[in-house]
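Asks: Please find one structure pasted underneath; my questions will follow.
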Amino acid sequence: MFQGAAALSLDVKGRLAIPVRHREALMSAADGRLVLTAHPHRCLLLYPEPAWEPIRDKVLAASSLNQQSAAIKRLLVGNAREEEMDAAGRLLVAPELRQFARLEKQVWLVGQGTHFEIWSDSGWQEQQEVVFALGEQFLPPGLEDLAL
């Protein structure tokens, strides 16, 4: 279970050092084999390979003749890259994906249970403001009875 947000820095080669607290879980879940892809909200998704495979298979099963399905295939599967953590726990983020998500030096690694989102600093700050702007409409249908 991946949770929490961490501000991290990309190095000059575009590598991201995965926090130590998540390295062991990623190694045990996937032997360090990870999949990095684009998300429609202009962040990146980082999955252990076994968690990504059923999502990929479901997306690929959709009709290529349907415009929405084809667009999602192109975005998610077309941008997917298999990557491995190096011995120092770093993950290379390809230049194309860095450009897509507008990643610069500071990025945010945000746990989402089975995977992570990787946000640019400005993108993550915008997401925080979206939550505050919702005001009374904060909880979506199905979570109205959530108690914190």
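In the structure tokens, chains take the letters A, B, ... in the order shown, each chain's residues start at 1, and ligands count up from 1 in the order shown.
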Tell me, as a short mmCIF file (atom, residue, chain, number, x, y, z; two decimals) with N, CA, C and O atoms, in the first residue's frame, which residues lie within 8 Å of Gln3 (chain A), counting only C-alpha atoms; anything in the same chain fewer than 4 positions away does not count.

Replies:
```cif
data_model
loop_
_atom_site.label_atom_id
_atom_site.label_comp_id
_atom_site.auth_asym_id
_atom_site.auth_seq_id
_atom_site.Cartn_x
_atom_site.Cartn_y
_atom_site.Cartn_z
N VAL A 110 3.42 10.78 -5.18
CA VAL A 110 2.20 10.72 -4.37
C VAL A 110 1.64 9.29 -4.40
O VAL A 110 1.23 8.80 -5.46
N GLY A 111 1.63 8.65 -3.24
CA GLY A 111 1.10 7.29 -3.15
C GLY A 111 -0.40 7.25 -3.38
O GLY A 111 -1.13 8.09 -2.86
N GLN A 112 -0.83 6.25 -4.15
CA GLN A 112 -2.25 6.07 -4.46
C GLN A 112 -2.67 4.62 -4.24
O GLN A 112 -3.45 4.06 -5.00
N GLY A 113 -2.14 4.01 -3.20
CA GLY A 113 -2.50 2.62 -2.89
C GLY A 113 -1.64 1.63 -3.65
O GLY A 113 -0.60 1.21 -3.18
#
```

Asks: Run DSSP on the backbone and grab whatever in chain A lands in helix (DSSP H, G or I); send it over as a VMD selection string.

Replies: chain A and resid 20 to 30 49 to 61 67 to 77 95 to 100 121 to 133 135 to 137

Asks: Near Ala62 (chain A), within 10 Å and counting only C-alpha atoms, which residues show up once chain neighbours fewer than 5 positions away are dropped, as a ChimeraX atom specification?

Replies: /A:57,68-70,72-73

Asks: Keeping C-alpha atoms for every residue in the selection just given, could you write it to a file as a JSON list (two decimals), in the first residue's frame?

Replies:
```
[["chain", "number", "residue", "atom", "x", "y", "z"],
["A", 57, "ASP", "CA", -4.93, -5.69, -20.59],
["A", 68, "GLN", "CA", -12.40, 7.48, -26.71],
["A", 69, "SER", "CA", -10.99, 3.96, -26.31],
["A", 70, "ALA", "CA", -8.36, 4.58, -28.95],
["A", 72, "ILE", "CA", -6.95, 6.16, -23.89],
["A", 73, "LYS", "CA", -4.92, 3.34, -25.49]]
```

Asks: I need the residues of chain A that end up classed as strand (DSSP E or B) by DSSP on the backbone, written out as a ChimeraX atom specification.

Replies: /A:2,5-10,15-17,33-38,44-48,81-84,90-92,106-111,113,116-120

Asks: Convert the current residue selection to file output with N, CA, C and O atoms, as a short mmCIF file (atom, residue, chain, number, x, y, z; two decimals), in the first residue's frame.

Replies:
```cif
data_model
loop_
_atom_site.label_atom_id
_atom_site.label_comp_id
_atom_site.auth_asym_id
_atom_site.auth_seq_id
_atom_site.Cartn_x
_atom_site.Cartn_y
_atom_site.Cartn_z
N PHE A 2 0.84 1.97 -1.09
CA PHE A 2 1.65 3.17 -1.19
C PHE A 2 0.80 4.38 -0.83
O PHE A 2 -0.28 4.58 -1.39
N ALA A 5 2.78 11.76 0.36
CA ALA A 5 3.37 12.58 -0.70
C ALA A 5 4.77 12.99 -0.27
O ALA A 5 5.00 13.33 0.89
N ALA A 6 5.71 12.93 -1.22
CA ALA A 6 7.09 13.30 -0.93
C ALA A 6 7.60 14.23 -2.02
O ALA A 6 7.46 13.93 -3.21
N ALA A 7 8.18 15.35 -1.60
CA ALA A 7 8.83 16.27 -2.54
C ALA A 7 10.22 15.71 -2.83
O ALA A 7 10.99 15.45 -1.90
N LEU A 8 10.51 15.50 -4.10
CA LEU A 8 11.79 14.93 -4.51
C LEU A 8 12.40 15.77 -5.61
O LEU A 8 11.74 16.61 -6.21
N SER A 9 13.67 15.51 -5.90
CA SER A 9 14.36 16.23 -6.97
C SER A 9 14.78 15.27 -8.06
O SER A 9 15.28 14.17 -7.76
N LEU A 10 14.60 15.69 -9.29
CA LEU A 10 15.17 14.95 -10.42
C LEU A 10 16.63 15.36 -10.54
O LEU A 10 16.95 16.54 -10.41
N ARG A 15 16.77 11.33 -13.36
CA ARG A 15 16.49 10.21 -12.46
C ARG A 15 15.84 10.70 -11.18
O ARG A 15 16.15 11.78 -10.68
N LEU A 16 14.97 9.88 -10.67
CA LEU A 16 14.21 10.16 -9.45
C LEU A 16 14.62 9.12 -8.42
O LEU A 16 14.54 7.91 -8.69
N ALA A 17 15.07 9.55 -7.25
CA ALA A 17 15.42 8.63 -6.18
C ALA A 17 14.15 8.26 -5.42
O ALA A 17 13.52 9.11 -4.79
N ARG A 33 10.90 -4.13 -11.19
CA ARG A 33 10.36 -3.86 -12.52
C ARG A 33 9.13 -2.96 -12.38
O ARG A 33 8.16 -3.31 -11.72
N LEU A 34 9.22 -1.81 -12.99
CA LEU A 34 8.19 -0.79 -12.86
C LEU A 34 7.71 -0.36 -14.22
O LEU A 34 8.40 -0.51 -15.22
N VAL A 35 6.51 0.21 -14.26
CA VAL A 35 5.97 0.78 -15.49
C VAL A 35 5.61 2.22 -15.20
O VAL A 35 4.94 2.53 -14.22
N LEU A 36 6.08 3.09 -16.06
CA LEU A 36 5.84 4.52 -15.97
C LEU A 36 5.05 4.93 -17.19
O LEU A 36 5.40 4.56 -18.32
N THR A 37 3.94 5.65 -17.00
CA THR A 37 3.14 6.08 -18.14
C THR A 37 2.47 7.42 -17.86
O THR A 37 2.54 7.94 -16.74
N ALA A 38 1.83 7.96 -18.88
CA ALA A 38 1.15 9.26 -18.79
C ALA A 38 -0.25 9.09 -18.23
O ALA A 38 -0.88 8.04 -18.39
N LEU A 44 2.33 11.66 -14.14
CA LEU A 44 2.75 10.34 -14.56
C LEU A 44 2.25 9.32 -13.55
O LEU A 44 2.04 9.64 -12.38
N LEU A 45 2.06 8.10 -14.01
CA LEU A 45 1.68 6.99 -13.15
C LEU A 45 2.86 6.04 -13.06
O LEU A 45 3.50 5.74 -14.09
N LEU A 46 3.15 5.57 -11.87
CA LEU A 46 4.23 4.62 -11.64
C LEU A 46 3.65 3.39 -10.96
O LEU A 46 3.14 3.49 -9.84
N TYR A 47 3.68 2.26 -11.68
CA TYR A 47 3.12 1.01 -11.18
C TYR A 47 4.21 -0.05 -11.04
O TYR A 47 5.08 -0.15 -11.92
N PRO A 48 4.11 -0.90 -10.01
CA PRO A 48 4.88 -2.14 -10.07
C PRO A 48 4.31 -2.92 -11.26
O PRO A 48 3.10 -2.91 -11.50
N ARG A 81 6.33 2.81 -20.33
CA ARG A 81 7.74 2.44 -20.43
C ARG A 81 8.08 1.53 -19.27
O ARG A 81 7.80 1.86 -18.12
N GLU A 82 8.70 0.40 -19.58
CA GLU A 82 9.18 -0.49 -18.54
C GLU A 82 10.53 0.04 -18.07
O GLU A 82 11.41 0.30 -18.87
N GLU A 83 10.65 0.21 -16.78
CA GLU A 83 11.87 0.74 -16.20
C GLU A 83 12.24 -0.11 -14.99
O GLU A 83 11.39 -0.81 -14.43
N GLU A 84 13.49 -0.04 -14.58
CA GLU A 84 13.94 -0.72 -13.37
C GLU A 84 14.67 0.27 -12.49
O GLU A 84 15.35 1.17 -13.00
N ARG A 90 17.21 4.52 -7.83
CA ARG A 90 16.79 5.61 -8.72
C ARG A 90 16.04 5.05 -9.91
O ARG A 90 16.31 3.95 -10.38
N LEU A 91 15.12 5.86 -10.40
CA LEU A 91 14.30 5.51 -11.56
C LEU A 91 14.50 6.58 -12.62
O LEU A 91 14.35 7.77 -12.34
N LEU A 92 14.84 6.15 -13.83
CA LEU A 92 14.99 7.09 -14.93
C LEU A 92 13.62 7.45 -15.49
O LEU A 92 12.82 6.58 -15.80
N GLN A 106 12.05 19.97 -9.11
CA GLN A 106 11.28 19.44 -7.99
C GLN A 106 10.02 18.76 -8.50
O GLN A 106 9.29 19.31 -9.32
N VAL A 107 9.79 17.55 -7.99
CA VAL A 107 8.59 16.78 -8.35
C VAL A 107 7.99 16.21 -7.07
O VAL A 107 8.61 16.23 -6.01
N TRP A 108 6.78 15.71 -7.20
CA TRP A 108 6.08 15.10 -6.07
C TRP A 108 5.75 13.66 -6.41
O TRP A 108 5.19 13.37 -7.47
N LEU A 109 6.09 12.75 -5.51
CA LEU A 109 5.74 11.35 -5.61
C LEU A 109 4.59 11.14 -4.64
O LEU A 109 4.74 11.32 -3.43
N VAL A 110 3.42 10.78 -5.18
CA VAL A 110 2.20 10.72 -4.37
C VAL A 110 1.64 9.29 -4.40
O VAL A 110 1.23 8.80 -5.46
N GLY A 111 1.63 8.65 -3.24
CA GLY A 111 1.10 7.29 -3.15
C GLY A 111 -0.40 7.25 -3.38
O GLY A 111 -1.13 8.09 -2.86
N GLY A 113 -2.14 4.01 -3.20
CA GLY A 113 -2.50 2.62 -2.89
C GLY A 113 -1.64 1.63 -3.65
O GLY A 113 -0.60 1.21 -3.18
N PHE A 116 1.84 4.97 -7.74
CA PHE A 116 2.17 6.37 -7.42
C PHE A 116 1.78 7.27 -8.58
O PHE A 116 1.74 6.84 -9.74
N GLU A 117 1.52 8.52 -8.26
CA GLU A 117 1.45 9.58 -9.25
C GLU A 117 2.72 10.41 -9.09
O GLU A 117 3.20 10.58 -7.96
N ILE A 118 3.25 10.91 -10.20
CA ILE A 118 4.40 11.81 -10.16
C ILE A 118 3.95 13.12 -10.77
O ILE A 118 3.52 13.16 -11.93
N TRP A 119 4.01 14.18 -9.98
CA TRP A 119 3.53 15.51 -10.38
C TRP A 119 4.67 16.51 -10.44
O TRP A 119 5.60 16.44 -9.64
N SER A 120 4.54 17.47 -11.34
CA SER A 120 5.42 18.64 -11.28
C SER A 120 5.04 19.39 -10.00
O SER A 120 3.94 19.22 -9.47
#
```

Asks: Between A:Leu139, A:Leu146, A:Val130, A:Ala101, which has the minimum distance to His39 (chain A) (counting only C-alpha atoms)?

Replies: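 Among the listed residues, A:Ala101 lies closest to His39 (chain A).
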
Asks: Can you work out the spacing between CA of Asp121 (chain A) and CA of Glu136 (chain A) in Å, to one decimal?

Replies: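 Separation of CA of Asp121 (chain A) and CA of Glu136 (chain A): 26.2 Å.
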
Asks: Report the distance between CA of Val131 (chain A) and CA of His41 (chain A) in Å, rounded to one decimal place.

Replies: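 Going from CA of Val131 (chain A) over to CA of His41 (chain A) covers 14.4 Å.
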
Asks: CA of Met1 (chain A) and CA of Thr114 (chain A), how far apart in Å?

Replies: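 CA of Thr114 (chain A) sits 5.8 Å away from CA of Met1 (chain A).
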